[in-house]
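Colleague: If it helps, the file is called coords_0.pdb and holds PDB, C-alpha atoms:
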```pdb
MODEL        1
ATOM      1  CA  MET S1187      10.152 207.615-127.511
ATOM      2  CA  TYR S1188       7.927 208.314-124.519
ATOM      3  CA  LYS S1189       4.851 210.516-124.694
ATOM      4  CA  ILE S1190       4.118 213.301-122.221
ATOM      5  CA  VAL S1191       0.436 212.667-121.529
ATOM      6  CA  GLU S1192       0.038 215.374-118.901
ATOM      7  CA  LYS S1193       2.001 218.434-117.855
ATOM      8  CA  ARG S1194       1.175 221.073-115.266
ATOM      9  CA  GLU S1195       2.944 223.707-113.235
ATOM     10  CA  LEU S1196       2.976 223.055-109.480
ATOM     11  CA  ASN S1197       4.696 226.348-108.740
ATOM     12  CA  SER S1198       6.935 228.754-110.613
ATOM     13  CA  THR S1199       9.945 226.421-110.445
ATOM     14  CA  VAL S1200       8.425 222.939-110.161
ATOM     15  CA  THR S1201       6.686 220.971-112.910
ATOM     16  CA  PHE S1202       4.625 217.780-112.907
ATOM     17  CA  MET S1203       4.669 215.402-115.884
ATOM     18  CA  SER S1204       2.956 212.081-116.464
ATOM     19  CA  ILE S1205       4.835 209.920-118.970
ATOM     20  CA  GLU S1206       3.454 207.017-120.977
ATOM     21  CA  ALA S1207       5.775 204.164-119.954
ATOM     22  CA  PRO S1208       3.776 200.960-119.306
ATOM     23  CA  LEU S1209       6.744 198.667-118.659
ATOM     24  CA  VAL S1210       8.141 201.037-116.029
ATOM     25  CA  ALA S1211       4.705 201.568-114.461
ATOM     26  CA  LYS S1212       4.245 197.805-114.152
ATOM     27  CA  LYS S1213       7.167 197.468-111.712
ATOM     28  CA  ALA S1214       7.490 200.934-110.133
ATOM     29  CA  GLU S1215       7.460 201.365-106.354
ATOM     30  CA  PRO S1216       7.850 204.403-104.063
ATOM     31  CA  GLY S1217      11.481 205.325-103.471
ATOM     32  CA  GLN S1218      12.696 204.170-106.872
ATOM     33  CA  PHE S1219      13.800 206.420-109.727
ATOM     34  CA  ILE S1220      14.054 206.567-113.506
ATOM     35  CA  ILE S1221      16.728 207.889-115.844
ATOM     36  CA  LEU S1222      15.628 210.004-118.780
ATOM     37  CA  ARG S1223      17.064 211.809-121.782
ATOM     38  CA  VAL S1224      15.082 214.646-123.287
ATOM     39  CA  ASP S1225      16.587 214.105-126.750
ATOM     40  CA  ALA S1226      19.223 211.949-128.441
ATOM     41  CA  ASP S1227      21.988 214.449-127.665
ATOM     42  CA  GLY S1228      20.899 215.158-124.114
ATOM     43  CA  GLU S1229      22.458 214.161-120.815
ATOM     44  CA  ARG S1230      21.011 211.394-118.693
ATOM     45  CA  ILE S1231      19.461 212.519-115.414
ATOM     46  CA  PRO S1232      17.848 210.546-112.577
ATOM     47  CA  LEU S1233      14.422 211.610-111.293
ATOM     48  CA  THR S1234      12.522 209.926-108.496
ATOM     49  CA  ILE S1235       9.194 208.329-109.352
ATOM     50  CA  ALA S1236       6.459 210.574-107.945
ATOM     51  CA  GLY S1237       3.577 208.257-108.796
ATOM     52  CA  TYR S1238       2.380 205.620-111.225
ATOM     53  CA  ASP S1239      -0.779 204.108-112.689
ATOM     54  CA  ARG S1240      -0.330 200.487-113.640
ATOM     55  CA  THR S1241      -3.746 200.373-115.330
ATOM     56  CA  VAL S1242      -3.108 203.111-117.902
ATOM     57  CA  GLY S1243       0.664 202.604-117.936
ATOM     58  CA  THR S1244       1.880 206.031-116.837
ATOM     59  CA  VAL S1245       4.657 207.158-114.507
ATOM     60  CA  ASP S1246       4.680 210.577-112.829
ATOM     61  CA  ILE S1247       7.758 212.723-112.347
ATOM     62  CA  ILE S1248       8.074 216.038-110.532
ATOM     63  CA  PHE S1249      11.155 218.129-111.151
ATOM     64  CA  GLN S1250      12.578 221.475-110.142
ATOM     65  CA  ILE S1251      13.816 223.671-112.977
ATOM     66  CA  VAL S1252      17.367 224.203-111.782
ATOM     67  CA  GLY S1253      19.731 223.143-114.580
ATOM     68  CA  ALA S1254      20.162 222.877-118.320
ATOM     69  CA  THR S1255      18.405 219.523-118.724
ATOM     70  CA  THR S1256      15.420 220.365-116.533
ATOM     71  CA  MET S1257      15.033 223.619-118.475
ATOM     72  CA  LYS S1258      14.996 221.641-121.721
ATOM     73  CA  LEU S1259      12.551 219.107-120.257
ATOM     74  CA  ASN S1260      10.257 221.875-119.049
ATOM     75  CA  ALA S1261      10.205 223.343-122.575
ATOM     76  CA  LYS S1262       8.482 220.176-123.795
ATOM     77  CA  LYS S1263       4.718 220.375-124.267
ATOM     78  CA  GLU S1264       1.927 217.964-123.429
ATOM     79  CA  GLY S1265       1.617 215.469-126.295
ATOM     80  CA  GLU S1266       5.294 215.704-127.238
ATOM     81  CA  PHE S1267       7.873 212.991-126.623
ATOM     82  CA  ILE S1268      11.132 212.501-124.753
ATOM     83  CA  GLU S1269      13.888 210.217-126.001
ATOM     84  CA  ASP S1270      14.517 207.791-123.120
ATOM     85  CA  PHE S1271      12.758 206.841-119.910
ATOM     86  CA  VAL S1272      14.432 203.905-118.155
ATOM     87  CA  GLY S1273      13.530 202.198-114.889
ATOM     88  CA  PRO S1274      12.501 201.538-112.259
ATOM     89  CA  LEU S1275      15.964 201.765-110.681
ATOM     90  CA  GLY S1276      17.215 201.789-107.104
ATOM     91  CA  ASN S1277      15.694 200.058-104.121
ATOM     92  CA  LYS S1278      12.117 200.687-103.092
ATOM     93  CA  THR S1279      11.288 202.215 -99.722
ATOM     94  CA  GLU S1280      10.605 199.454 -97.207
ATOM     95  CA  THR S1281       6.967 199.581 -96.127
ATOM     96  CA  ASP S1282       6.283 195.997 -95.030
ATOM     97  CA  GLY S1283       5.125 195.730 -91.447
ATOM     98  CA  VAL S1284       5.094 199.478 -90.814
ATOM     99  CA  LYS S1285       2.022 200.347 -88.747
ATOM    100  CA  LYS S1286       2.868 203.876 -87.648
ATOM    101  CA  ALA S1287       5.150 206.233 -89.575
ATOM    102  CA  CYS S1288       6.161 209.874 -89.684
ATOM    103  CA  ILE S1289       7.006 211.223 -93.132
ATOM    104  CA  VAL S1290       9.036 214.441 -93.169
ATOM    105  CA  GLY S1291       9.292 216.267 -96.493
ATOM    106  CA  GLY S1292      11.122 219.471 -97.327
ATOM    107  CA  GLY S1293      10.618 221.565-100.450
ATOM    108  CA  VAL S1294      10.650 219.656-103.711
ATOM    109  CA  GLY S1295      11.612 216.580-101.669
ATOM    110  CA  CYS S1296       7.897 216.356-100.916
ATOM    111  CA  ALA S1297       7.517 214.969-104.440
ATOM    112  CA  ILE S1298       9.511 211.939-103.280
ATOM    113  CA  ALA S1299       7.903 211.789 -99.831
ATOM    114  CA  TYR S1300       4.313 211.822-101.103
ATOM    115  CA  PRO S1301       4.264 208.411-102.868
ATOM    116  CA  VAL S1302       5.805 206.867 -99.739
ATOM    117  CA  ALA S1303       3.092 208.400 -97.546
ATOM    118  CA  LYS S1304       0.398 207.259 -99.979
ATOM    119  CA  LYS S1305       1.702 203.690-100.159
ATOM    120  CA  LEU S1306       1.841 203.422 -96.377
ATOM    121  CA  HIS S1307      -1.624 204.955 -96.023
ATOM    122  CA  ASP S1308      -3.029 202.523 -98.603
ATOM    123  CA  LEU S1309      -1.534 199.642 -96.609
ATOM    124  CA  GLY S1310      -3.413 200.771 -93.504
ATOM    125  CA  CYS S1311      -0.483 202.435 -91.741
ATOM    126  CA  LYS S1312      -1.175 205.413 -89.465
ATOM    127  CA  VAL S1313       0.686 208.210 -91.245
ATOM    128  CA  THR S1314       1.793 211.507 -89.736
ATOM    129  CA  SER S1315       3.231 213.876 -92.335
ATOM    130  CA  VAL S1316       5.316 216.982 -91.665
ATOM    131  CA  ILE S1317       5.982 219.070 -94.769
ATOM    132  CA  GLY S1318       7.799 222.359 -95.062
ATOM    133  CA  PHE S1319       8.518 225.055 -97.615
ATOM    134  CA  ARG S1320      10.252 228.419 -97.584
ATOM    135  CA  ASN S1321       6.997 230.251 -98.331
ATOM    136  CA  SER S1322       3.454 229.758 -99.636
ATOM    137  CA  ASP S1323       4.480 230.318-103.264
ATOM    138  CA  LEU S1324       6.564 227.140-103.214
ATOM    139  CA  VAL S1325       3.957 224.769-101.763
ATOM    140  CA  ILE S1326       3.256 221.582-103.737
ATOM    141  CA  LEU S1327       1.019 218.534-103.180
ATOM    142  CA  GLU S1328      -0.855 219.959-100.180
ATOM    143  CA  LYS S1329      -4.152 218.232-101.035
ATOM    144  CA  GLU S1330      -2.408 214.982-101.861
ATOM    145  CA  PHE S1331      -0.613 214.885 -98.509
ATOM    146  CA  ALA S1332      -3.830 215.717 -96.682
ATOM    147  CA  ALA S1333      -5.542 212.732 -98.324
ATOM    148  CA  ALA S1334      -2.658 210.366 -97.508
ATOM    149  CA  SER S1335      -2.111 211.441 -93.894
ATOM    150  CA  ASP S1336      -3.918 210.864 -90.621
ATOM    151  CA  ARG S1337      -2.207 214.002 -89.309
ATOM    152  CA  LEU S1338      -0.581 216.729 -91.352
ATOM    153  CA  TYR S1339       1.736 219.436 -90.020
ATOM    154  CA  LYS S1340       2.386 222.318 -92.436
ATOM    155  CA  MET S1341       5.432 224.500 -91.874
ATOM    156  CA  SER S1342       6.932 227.498 -93.679
ATOM    157  CA  ASP S1343      10.032 229.557 -92.980
ATOM    158  CA  ASP S1344       8.194 232.871 -93.109
ATOM    159  CA  GLY S1345       4.823 231.810 -91.693
ATOM    160  CA  SER S1346       2.947 232.536 -94.932
ATOM    161  CA  TRP S1347       1.614 228.958 -95.003
ATOM    162  CA  GLY S1348       0.787 226.711 -92.085
ATOM    163  CA  GLU S1349       2.878 227.355 -88.996
ATOM    164  CA  LYS S1350       6.045 229.447 -88.964
ATOM    165  CA  GLY S1351       9.092 227.297 -88.309
ATOM    166  CA  VAL S1352      11.085 224.302 -89.465
ATOM    167  CA  VAL S1353       9.950 220.708 -89.942
ATOM    168  CA  THR S1354      11.929 219.506 -86.938
ATOM    169  CA  ALA S1355       9.776 221.569 -84.545
ATOM    170  CA  PRO S1356       6.600 219.416 -84.605
ATOM    171  CA  LEU S1357       8.713 216.261 -84.886
ATOM    172  CA  LYS S1358      10.655 217.138 -81.740
ATOM    173  CA  ALA S1359       7.447 218.054 -79.907
ATOM    174  CA  MET S1360       5.905 214.671 -80.708
ATOM    175  CA  LEU S1361       9.007 212.771 -79.596
ATOM    176  CA  GLU S1362       9.317 214.787 -76.386
ATOM    177  CA  ALA S1363       5.676 213.984 -75.643
ATOM    178  CA  GLY S1364       6.588 210.294 -75.743
ATOM    179  CA  GLU S1365       5.290 209.444 -79.179
ATOM    180  CA  LYS S1366       7.041 206.611 -80.981
ATOM    181  CA  PHE S1367       6.963 205.587 -84.622
ATOM    182  CA  ASP S1368       7.965 202.403 -86.354
ATOM    183  CA  VAL S1369      10.006 204.672 -88.620
ATOM    184  CA  VAL S1370      10.602 208.327 -89.421
ATOM    185  CA  ILE S1371      11.318 208.840 -93.127
ATOM    186  CA  ALA S1372      12.921 212.155 -94.081
ATOM    187  CA  ILE S1373      13.236 213.353 -97.668
ATOM    188  CA  GLY S1374      14.452 216.780 -98.737
ATOM    189  CA  PRO S1375      17.608 218.894 -98.869
ATOM    190  CA  VAL S1376      20.597 217.129 -97.330
ATOM    191  CA  ILE S1377      20.934 219.726 -94.576
ATOM    192  CA  MET S1378      17.268 219.254 -93.649
ATOM    193  CA  MET S1379      17.732 215.489 -93.426
ATOM    194  CA  LYS S1380      20.772 216.046 -91.222
ATOM    195  CA  PHE S1381      18.761 218.137 -88.742
ATOM    196  CA  VAL S1382      15.886 215.644 -88.745
ATOM    197  CA  THR S1383      18.427 212.945 -87.899
ATOM    198  CA  GLU S1384      19.909 214.996 -85.072
ATOM    199  CA  THR S1385      16.374 215.515 -83.751
ATOM    200  CA  THR S1386      15.512 211.817 -83.676
ATOM    201  CA  ARG S1387      18.930 210.496 -82.588
ATOM    202  CA  PRO S1388      18.625 211.330 -78.852
ATOM    203  CA  PHE S1389      15.347 209.384 -78.751
ATOM    204  CA  GLY S1390      16.728 206.328 -80.529
ATOM    205  CA  GLN S1391      13.922 206.743 -83.047
ATOM    206  CA  LYS S1392      14.541 204.668 -86.185
ATOM    207  CA  THR S1393      15.074 207.110 -89.042
ATOM    208  CA  VAL S1394      15.533 206.587 -92.775
ATOM    209  CA  VAL S1395      16.702 209.230 -95.248
ATOM    210  CA  SER S1396      16.581 209.290 -99.046
ATOM    211  CA  MET S1397      19.913 210.383-100.526
ATOM    212  CA  ASN S1398      18.343 210.960-103.932
ATOM    213  CA  PRO S1399      19.437 214.668-103.933
ATOM    214  CA  ILE S1400      23.103 213.734-104.372
ATOM    215  CA  MET S1401      22.578 211.449-107.381
ATOM    216  CA  ILE S1402      23.925 212.545-110.773
ATOM    217  CA  ASP S1403      24.488 209.667-113.167
ATOM    218  CA  GLY S1404      22.178 207.108-111.566
ATOM    219  CA  THR S1405      24.239 204.015-112.402
ATOM    220  CA  GLY S1406      27.125 204.128-109.938
ATOM    221  CA  MET S1407      29.715 204.865-112.623
ATOM    222  CA  CYS S1408      30.270 208.590-112.089
ATOM    223  CA  GLY S1409      30.930 208.386-108.349
ATOM    224  CA  GLY S1410      29.057 211.645-107.764
ATOM    225  CA  CYS S1411      26.676 210.024-105.284
ATOM    226  CA  ARG S1412      29.463 208.368-103.313
ATOM    227  CA  LEU S1413      28.467 208.319 -99.678
ATOM    228  CA  THR S1414      30.265 207.420 -96.470
ATOM    229  CA  VAL S1415      28.238 205.423 -93.965
ATOM    230  CA  HIS S1416      29.444 204.081 -90.632
ATOM    231  CA  GLU S1417      28.701 200.416 -90.044
ATOM    232  CA  ASP S1418      30.058 198.384 -87.099
ATOM    233  CA  GLY S1419      32.515 201.146 -86.274
ATOM    234  CA  LYS S1420      33.923 201.297 -89.803
ATOM    235  CA  ALA S1421      33.554 203.923 -92.533
ATOM    236  CA  VAL S1422      32.128 202.229 -95.625
ATOM    237  CA  THR S1423      31.650 203.713 -99.089
ATOM    238  CA  LYS S1424      28.194 203.324-100.615
ATOM    239  CA  PHE S1425      26.524 204.740-103.709
ATOM    240  CA  ALA S1426      23.113 206.363-103.382
ATOM    241  CA  CYS S1427      21.918 205.149-106.778
ATOM    242  CA  VAL S1428      22.757 201.444-106.450
ATOM    243  CA  ASP S1429      22.867 200.890-102.672
ATOM    244  CA  GLY S1430      19.998 203.277-101.901
ATOM    245  CA  PRO S1431      18.504 205.772-102.273
ATOM    246  CA  ASP S1432      17.298 204.989 -98.716
ATOM    247  CA  PHE S1433      19.794 204.679 -95.854
ATOM    248  CA  ASP S1434      19.775 204.344 -92.086
ATOM    249  CA  ALA S1435      20.042 208.031 -91.144
ATOM    250  CA  PHE S1436      22.256 207.407 -88.113
ATOM    251  CA  THR S1437      25.020 205.939 -90.293
ATOM    252  CA  VAL S1438      25.256 208.723 -92.913
ATOM    253  CA  ASP S1439      28.070 211.288 -93.070
ATOM    254  CA  PHE S1440      25.896 214.269 -94.040
ATOM    255  CA  ASP S1441      28.707 216.848 -93.925
ATOM    256  CA  GLU S1442      30.711 214.978 -96.554
ATOM    257  CA  ALA S1443      27.603 214.627 -98.742
ATOM    258  CA  MET S1444      26.908 218.363 -98.565
ATOM    259  CA  MET S1445      30.500 219.234 -99.382
ATOM    260  CA  ARG S1446      30.472 216.976-102.447
ATOM    261  CA  GLY S1447      27.170 218.456-103.614
ATOM    262  CA  ARG S1448      28.677 221.935-103.747
ATOM    263  CA  MET S1449      31.434 220.767-106.116
ATOM    264  CA  TYR S1450      29.131 220.893-109.142
ATOM    265  CA  ALA S1451      27.515 224.277-108.527
ATOM    266  CA  ASP S1452      29.691 226.312-110.924
ATOM    267  CA  PHE S1453      29.461 223.723-113.706
ATOM    268  CA  GLU S1454      25.678 223.536-113.420
ATOM    269  CA  ALA S1455      25.323 227.324-113.430
ATOM    270  CA  HIS S1456      27.339 227.531-116.667
ATOM    271  CA  ALA S1457      25.286 224.781-118.326
ATOM    272  CA  ARG S1458      22.048 226.460-117.222
ATOM    273  CA  GLU S1459      23.129 229.776-118.730
ATOM    274  CA  GLU S1460      23.984 228.127-122.061
ATOM    275  CA  GLU S1461      20.662 226.289-122.209
ATOM    276  CA  CYS S1462      18.759 229.473-121.352
ATOM    277  CA  ASN S1463      20.431 231.267-124.279
ATOM    278  CA  LEU S1464      19.563 228.383-126.625
ATOM    279  CA  LEU S1465      15.894 228.417-125.573
ATOM    280  CA  LYS S1466      15.719 232.175-126.066
ATOM    281  CA  ALA S1467      17.197 231.771-129.552
ATOM    282  CA  GLU S1468      14.575 229.112-130.413
ATOM    283  CA  VAL S1469      11.751 231.412-129.315
ATOM    284  CA  LYS S1470      13.057 234.201-131.586
TER     285      LYS S1470
ENDMDL
END
```
The structure given in the file should be rewritten as structure tokens.

Modeller:
Amino acid sequence: MYKIVEKRELNSTVTFMSIEAPLVAKKAEPGQFIILRVDADGERIPLTIAGYDRTVGTVDIIFQIVGATTMKLNAKKEGEFIEDFVGPLGNKTETDGVKKACIVGGGVGCAIAYPVAKKLHDLGCKVTSVIGFRNSDLVILEKEFAAASDRLYKMSDDGSWGEKGVVTAPLKAMLEAGEKFDVVIAIGPVIMMKFVTETTRPFGQKTVVSMNPIMIDGTGMCGGCRLTVHEDGKAVTKFACVDGPDFDAFTVDFDEAMMRGRMYADFEAHAREEECNLLKAEVK
């Protein structure tokens, strides 16, 4: 059993939790993920590590309340316990030798992008961060990104926070002005990562994307995170959970990944409705 030592709401649909898990905290690195079960009968879900404290032995997770399991997890209170918390899993984000980086985060993907930005900043890298949200109500980790970035561009779809526009706008402007980075790291919705990639491709700018959003099982057994990448002129099958989550953006078949992601929408909606009814019954 793993204790929830801290819980707070980041916005109406996103929750932060710090979990007491000293063995996981000891080895955790940005880019990796954990698998948890809320209770003994619950499903296993992967969540990216949003932070860690090796001294006190805690691991942070940030999750969006979108399905049955995240609803059940969000119903847990500070001081209560969850059944399983396994990790760290997956490959860490490569930060060695990076002196200048641009981190692009979209929506709740900023929870994954932030620890990468912080690690690079702590290593002395010059970090430019571009983060975007649909509107001001959905903003998370603004202060944290400001502290971990030498430059911070804030974008929103409706202009209610930062500048009005998409995250590719300031990125394209920097590249057109001749700026070069050791790496651009994009983390967010798959379609956002696709457009970031199409922005950097004409400039030959090295770009890495995290395919964490397509993971389901987290062990490679379910095949839900199957991904086609193109290497040496050949289409190769990879799995986001065991081969990634990070991939060379220019090799990824984003359209196939988006199509596969839509396959589970109806199932997840049904499970969410059932869990919502159960939680309402418990409250009564």

Colleague: For the file shown, report as number ranges by chain the outcome of the PyMOL selection byres ((chain S and resi 1219) around 10) at residue level.

Modeller: S: 1214-1218, 1220-1222, 1232-1236, 1247, 1272-1278, 1298, 1398, 1404, 1427, 1431

Colleague: Applied to this file, what does the PyMOL selection byres ((chain S and resi 1323) around 12) return in terms of residues, put as a list in words?

Modeller: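 Going through the file, the PyMOL selection byres ((chain S and resi 1323) around 12) ends up selecting Leu1196, Asn1197, Ser1198, Thr1199, Val1200, Gly1293, Gly1318, Phe1319, Arg1320, Asn1321, Ser1322, Leu1324, Val1325, Ile1326, Ser1342, Asp1343, Asp1344, Gly1345, Ser1346 and Trp1347 of chain S.
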
Colleague: Pull out every residue that the PyMOL selection byres ((chain S and resi 1248) around 6) matches in the shown coordinates and put them as a tab-separated table (two decimals) with C-alpha atoms, in the frame of the given file.

Modeller:
```tsv
chain	number	residue	atom	x	y	z
S	1201	THR	CA	6.69	220.97	-112.91
S	1202	PHE	CA	4.62	217.78	-112.91
S	1247	ILE	CA	7.76	212.72	-112.35
S	1249	PHE	CA	11.16	218.13	-111.15
```

Colleague: I need the residue nearest S:Lys1304 from this list: S:Met1445, S:Val1438, S:Ala1334, S:Ala1226. Use all atoms listed in the file for the distance.

Modeller: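 Comparing S:Met1445, S:Val1438, S:Ala1334, S:Ala1226 against S:Lys1304, the winner is S:Ala1334.
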
Colleague: Expressed in Å to a single decimal, how great is the separation between atom CA of S:Ser1335 and atom CA of S:Asp1432?

Modeller: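 For atom CA of S:Ser1335 relative to atom CA of S:Asp1432, the distance reads 21.0 Å.
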
Colleague: Here is a test: counting all atoms listed in the file, which residue of S:Lys1189, S:Gly1243, S:Asp1225, S:Arg1230 is nearest to S:Lys1213?

Modeller: S:Gly1243

Colleague: Between atom CA of S:Ile1371 and atom CA of S:Pro1388, measure the distance and give it in Å to one decimal.

Modeller: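 That distance, rounded to one decimal, is 16.2 Å.
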
Colleague: Do a neighbour search on S:Asp1336 at 12 Å with only C-alpha atoms, toss out local chain neighbours closer than 3 positions, and write the hits as an NGL selection string.

Modeller: :S and (1286-1289 or 1303-1304 or 1306-1308 or 1310-1316 or 1331-1333 or 1339)

Colleague: Hey, can you check how far atom CA of S:Ala1435 sits from atom CA of S:Ala1421?

Modeller: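 Atom CA of S:Ala1435 sits 14.2 Å away from atom CA of S:Ala1421.
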
Colleague: If you take every atom of stretch 1428-1443 of chain S that the file lists and fit an axis-aligned box around them with 5 Å extra on each side, what centre and edge lengths come out in Å to one decimal, as AutoDock Vina command-line options?

Modeller:
```
--center_x 24.0 --center_y 208.9 --center_z -97.3 --size_x 23.4 --size_y 26.0 --size_z 28.3
```

Colleague: Just the residues within 8 Å of S:Lys1424, please, counting all atoms listed in the file, with nothing from its chain fewer than 4 positions along; format it as a PyMOL selection string.

Modeller: chain S and resi 1412-1415+1429

Colleague: Can I get the selected residues back with C-alpha atoms, as a short mmCIF file (atom, residue, chain, number, x, y, z; two decimals), in the coordinates of the input?

Modeller:
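See out_36.cif below for the written result:
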```
data_model
loop_
_atom_site.label_atom_id
_atom_site.label_comp_id
_atom_site.auth_asym_id
_atom_site.auth_seq_id
_atom_site.Cartn_x
_atom_site.Cartn_y
_atom_site.Cartn_z
CA ARG S 1412 29.46 208.37 -103.31
CA LEU S 1413 28.47 208.32 -99.68
CA THR S 1414 30.26 207.42 -96.47
CA VAL S 1415 28.24 205.42 -93.96
CA ASP S 1429 22.87 200.89 -102.67
#
```

Colleague: Counting all atoms listed in the file, which residue out of S:Gly1351, S:Gly1253, S:Pro1356, S:Pro1375 sits closest to S:Gly1291?

Modeller: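 Closest to S:Gly1291 of all the choices is S:Pro1375.
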
Colleague: Looking at all atoms listed in the file, which of S:Arg1240, S:Glu1349, S:Gln1391, S:Ile1190 is the one that sits closest to S:Glu1362?

Modeller: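 Closest to S:Glu1362 of all the choices is S:Gln1391.
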
Colleague: Taking (24.7, 210.6, -92.5) as a centre in this file's frame and 9 Å as the limit, can you find every polymer residue with an atom that close, using only C-alpha atoms, and give them as a ChimeraX atom specification?

Modeller: /S:1379-1380,1383,1395,1413-1416,1433-1443

Colleague: Given the selection you just returned, output its residues as a file containing C-alpha atoms, formatted as a JSON list (two decimals), in the coordinates of the input.

Modeller:
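Heads up, here's the output in part30.json:
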```json
[["chain", "number", "residue", "atom", "x", "y", "z"],
["S", 1379, "MET", "CA", 17.73, 215.49, -93.43],
["S", 1380, "LYS", "CA", 20.77, 216.05, -91.22],
["S", 1383, "THR", "CA", 18.43, 212.94, -87.90],
["S", 1395, "VAL", "CA", 16.70, 209.23, -95.25],
["S", 1413, "LEU", "CA", 28.47, 208.32, -99.68],
["S", 1414, "THR", "CA", 30.26, 207.42, -96.47],
["S", 1415, "VAL", "CA", 28.24, 205.42, -93.96],
["S", 1416, "HIS", "CA", 29.44, 204.08, -90.63],
["S", 1433, "PHE", "CA", 19.79, 204.68, -95.85],
["S", 1434, "ASP", "CA", 19.77, 204.34, -92.09],
["S", 1435, "ALA", "CA", 20.04, 208.03, -91.14],
["S", 1436, "PHE", "CA", 22.26, 207.41, -88.11],
["S", 1437, "THR", "CA", 25.02, 205.94, -90.29],
["S", 1438, "VAL", "CA", 25.26, 208.72, -92.91],
["S", 1439, "ASP", "CA", 28.07, 211.29, -93.07],
["S", 1440, "PHE", "CA", 25.90, 214.27, -94.04],
["S", 1441, "ASP", "CA", 28.71, 216.85, -93.92],
["S", 1442, "GLU", "CA", 30.71, 214.98, -96.55],
["S", 1443, "ALA", "CA", 27.60, 214.63, -98.74]]
```
